[in-house]
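Enquirer: Sharing a structure here in C-alpha cells format.
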Amino acid sequence: MNIRRHIFAVAATAMLSTGAYAADIKLGVAGPFTGGSSSMGVSMRDGVRLATKEINAAGGINGNKIVLVELDDEAKNERGVQIAQELINNEKVVATLGYINTGVALASQRFYQDAKIPVMNNVATGSILTKQLPNAAENYVFRNAAPDNIQAPLVAKETVEKRGLKKVAILADSTNYGQLGREDLEKALKTYGVTPVAVEKFNIGDVDMTSQLLKAKNAGAEVILTYAIGPELAQIANGMAKLGWKKPMIGSWTLSMASFIDTAGKNGDGATMPQTYIQSPSTTPKRKAFQEAYLKEFKPKNNNIASPVSAAQGYDSVYLLAAAIKQANSTEGPKILAALQDLKTPVDGVVITYNKPFSASDHDAIKMKDVVMGVVENGRVEFLNAEDAIAKKK
C-alpha cells in the first residue's frame, strides 16, 4: 500500500531522557494533508499536535506519553479505508482522531467499529456519521464537530427568518458531504415552507460555475446557499462577480476556509456561515492562549489559521480522548468507550467546556447552542452578531 506515514511524537525532553513514561499511547491521525481539503486537514493535524505536546509536557496520560501516527488520506474514500486498516492492524492504535471528509469517514469508520476502537470525528459533519451503524450493540464513533443537522437549520434561519429571503438556490458539490448537506438544507428550508428555485451540483476541481449560476439567476434566486469546500466555493463567489450578479452567499462552516477567503478575495466578503470557533483577538482567555500557542508553533500565513474551526476541534479532540483514557486507566477500546460515554470531569476545551458531552445514545458533543454565525470581512471571519462576540468573551 502506498500510504504516507508519519509518526509524530512530542514530549518534554527531560521526560524522554529520564524514561519517566511507562509506555506509549498510540493515537492515529487521519485526514487530507495534501490536496483541496488540506487546509482543513493540516489545521486539524496541527491542533492535534499542539494538544499532544501540552499533554505530554504535563506528564502525559497516567504517566504515558501520546505518540501520533499521522496518515494522509488525500480526501479519497479508498485511501481512508487503507489507512484505517493500517492504523488498526499494523500500528495498533488505541483510538483515531480525524476525518475531514464525510465520505472518507463513512467508508472507513466501520473498521474501527469492528475492532472496538474509538474514532473521534473532529471535523467531518455529515449528520449520519455517529449513527451510521444503528444496529450495533456498541457505537465506537464519536464527534466534536457541529453536524449538518445543526448547521443546515442555522443557515435556513439566517436566510429565511432573519433576512426574509425565500427565493433560494442551492449549489452543492457532488461528494457525500455536499449531497447529504444539501438534503439537510432542503429539509430545514421546508420547515419555513420554502422550496429552492434551483438546485445545482458540481464536482471537486470544477473551476467554472457559470452554468449553475446562470440557472440560479434565471430562476430569480435572491441568495446562494452552499455545501462544498473552499476552492469550489471561491469559484462560486468569483463566478458571480464575473456575471455582475452579486447575491448573498450563506452556507456551511467551510466558507471560513482560507482556500475560499484567499481565492475569492473581496468577492468573498459577506459570506456567512455557522462556526464553532472564530479566530479573534477579543475572546476568552482559553481561546486566546490557544491562538497564541498555535501561531507561535506553526506560523501560518498572515497569522491567520487556514481553518480555525478544524484547528480548534482537532485540539479539543485530543483532550477529550485523553480524559477518557485517564478516567478508564486503560487503553482497551471498550473501557475508553465507557469512559467517553460518562466523563466524570469537565474538559476545558477551546470550542466549549465539555460537561458530560457524550452518552450511550448521543455521541455528538456539539449542540445548537454552541454554534454562532460568522461572516467574512476583509479577508477574515468575524462574528456576524455582536452579542455572540460578547458571549464568547465570558
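Letters A, B, ... go to the chains of the C-alpha cells in the order shown; residues in each chain start at 1; ligands are counted from 1 in the same order.
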Can you pull out the residues contacting Lys367 (chain A)? Cut-off 9 Å, using only C-alpha atoms, and skip same-chain residues under 5 positions away; I want them as a PyMOL selection string.

Expert: chain A and resi 146-147+150

Enquirer: Would you put the residues from that selection into a file with C-alpha atoms, as a PDB file, in the first residue's frame?

Expert:
ATOM      1  CA  ALA A 146     -21.165  20.597  14.544  1.00  0.00           C
ATOM      2  CA  PRO A 147     -23.210  18.111  12.472  1.00  0.00           C
ATOM      3  CA  ILE A 150     -27.419  21.623  13.302  1.00  0.00           C
TER       4      ILE A 150
END

Enquirer: Which residues, written as a PyMOL selection string, have at least one atom at most 7 Å from region 374-388 of chain A, with only C-alpha atoms counted and residues fewer than 4 positions away on the same chain left out?

Expert: chain A and resi 256+261-262+265-266+268-275+278+392

Enquirer: Among the residues of region 96-182 of chain A, find those DSSP assigns to strand (DSSP E) from the backbone and print them as a list in words.

Expert: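 DSSP on the backbone gives strand (DSSP E) at Thr96, Leu97, Gly98, Val119, Met120, Asn121, Val141, Phe142, Arg143, Val168, Ala169, Ile170, Leu171, Ala172 and Asp173 of chain A.
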
Enquirer: Hey, can you check how far CA of Met40 (chain A) sits from CA of Asp173 (chain A)?

Expert: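 Result for CA of Met40 (chain A) versus CA of Asp173 (chain A): 16.8 Å, one decimal.
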
Enquirer: Can I get the residues of region 84-170 of chain A within 10 Å of region 330-346 of chain A, each with the closest pair of atoms and their distance in Å to one decimal, using only C-alpha atoms, sorted chain first then ascending number, as CSV?

Expert:
residue,atom,partner,partner_atom,distance
A:Val93,CA,A:Thr331,CA,9.2
A:Val94,CA,A:Thr331,CA,5.9
A:Ala95,CA,A:Gly333,CA,7.6
A:Tyr112,CA,A:Gly333,CA,9.6
A:Gln113,CA,A:Gly333,CA,9.9
A:Ala115,CA,A:Gly333,CA,8.4
A:Lys116,CA,A:Gly333,CA,5.5
A:Ile117,CA,A:Gly333,CA,4.8
A:Pro118,CA,A:Gly333,CA,6.3
A:Val119,CA,A:Leu337,CA,9.8
A:Glu138,CA,A:Leu337,CA,8.6
A:Asn139,CA,A:Leu337,CA,8.2
A:Tyr140,CA,A:Leu337,CA,6.6
A:Val141,CA,A:Leu337,CA,9.2
A:Phe142,CA,A:Leu340,CA,8.8

Enquirer: Which is closer to Gly230 (chain A) than all the others in A:Asp148, A:Asp206, A:Glu78, A:Glu158, using only C-alpha atoms?

Expert: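 Smallest separation from Gly230 (chain A) among the options: A:Asp206.
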
Enquirer: Would you list the contacts of Val309 (chain A) as a list in words, taking every protein, DNA or RNA residue within 9 Å and counting only C-alpha atoms, but skipping same-chain residues closer than 5 positions in sequence?

Expert: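 My reading of the contact set: Met40, Ser43, Met44, Val123, Ala145, Trp253, Thr254, Ser256, Met257, Gln275, Thr276, Tyr277, Ile278, Gln279, Gly314 and Val351 of chain A.
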
Enquirer: Residues at most 10 Å from Asn218 (chain A), counting only C-alpha atoms, excluding those fewer than 5 positions away in the same chain, as a compact mmCIF listing (two decimals) with N, CA, C and O atoms, in the first residue's frame?

Expert:
# COMPACT_ATOMS: atom_id res chain seq x y z
N VAL A 197 -35.57 27.48 -5.69
CA VAL A 197 -35.91 27.75 -7.09
C VAL A 197 -34.91 27.08 -8.03
O VAL A 197 -35.19 26.89 -9.22
N ALA A 198 -33.75 26.70 -7.49
CA ALA A 198 -32.75 25.98 -8.28
C ALA A 198 -31.88 25.16 -7.34
O ALA A 198 -31.53 25.62 -6.25
N LEU A 213 -24.68 29.05 -12.02
CA LEU A 213 -25.08 30.38 -11.56
C LEU A 213 -26.12 31.01 -12.49
O LEU A 213 -27.04 31.69 -12.02

Enquirer: Quick one, how far is CA of Val48 (chain A) from CA of Asn122 (chain A)?

Expert: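 Answer for the CA of Val48 (chain A) to CA of Asn122 (chain A) separation: 9.8 Å.
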
Enquirer: In region 260-394 of chain A, what's helix (DSSP H, G or I) per DSSP? Answer as a PyMOL selection string?

Expert: chain A and resi 260-268+285-298+301-303+308-328+333-340+368-370+386-391

Enquirer: Excluding Lys190 (chain A) and its own-chain neighbours fewer than 3 positions away, which residues fall within 12 Å of it when counting only C-alpha atoms? Please give them as a list in words.

Expert: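 Counting only the stated atoms, we get Ala152, Pro153, Ala156, Lys157, Val160, Lys166, Val168, Glu183, Asp184, Leu185, Glu186, Lys187, Gly193, Val194, Thr195 and Pro196 of chain A.
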
Enquirer: Identify, on the basis of only C-alpha atoms, every residue whose closest approach to Ala107 (chain A) does not exceed 7 Å; exclude the query and any residue fewer than 4 positions from it along the same chain; express the result as a list in words.

Expert: Asn77, Val81 and Gly103 of chain A

Enquirer: Measuring between only C-alpha atoms, which one of A:Asn144, A:Thr102, A:Thr283, A:Thr130 shows the shortest distance to Gln313 (chain A)?

Expert: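 Of all the options, A:Asn144 lies closest to Gln313 (chain A).
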
Enquirer: Taking only C-alpha atoms into account, which of A:Asn149, A:Asn56, A:Ser211, A:Thr226 comes nearest Ala188 (chain A)?

Expert: A:Asn149

Enquirer: Using Å and a single decimal, report how far CA of Val350 (chain A) sits from CA of Lys299 (chain A).

Expert: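 We find that CA of Lys299 (chain A) and CA of Val350 (chain A) lie 19.0 Å from each other.
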
Enquirer: So, counting only C-alpha atoms, which residue among A:Asn304, A:Asn176, A:Thr96, A:Thr263 is closest to Val207 (chain A)?

Expert: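 Going through A:Asn304, A:Asn176, A:Thr96, A:Thr263 one by one, the smallest distance to Val207 (chain A) is for A:Thr263.
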
Enquirer: Excluding Asn90 (chain A) and any residue of its chain fewer than 5 positions from it, enumerate the residues within 12 Å of it, using only C-alpha atoms, and give them as a PyMOL selection string.

Expert: chain A and resi 5+26+28+69+82-85
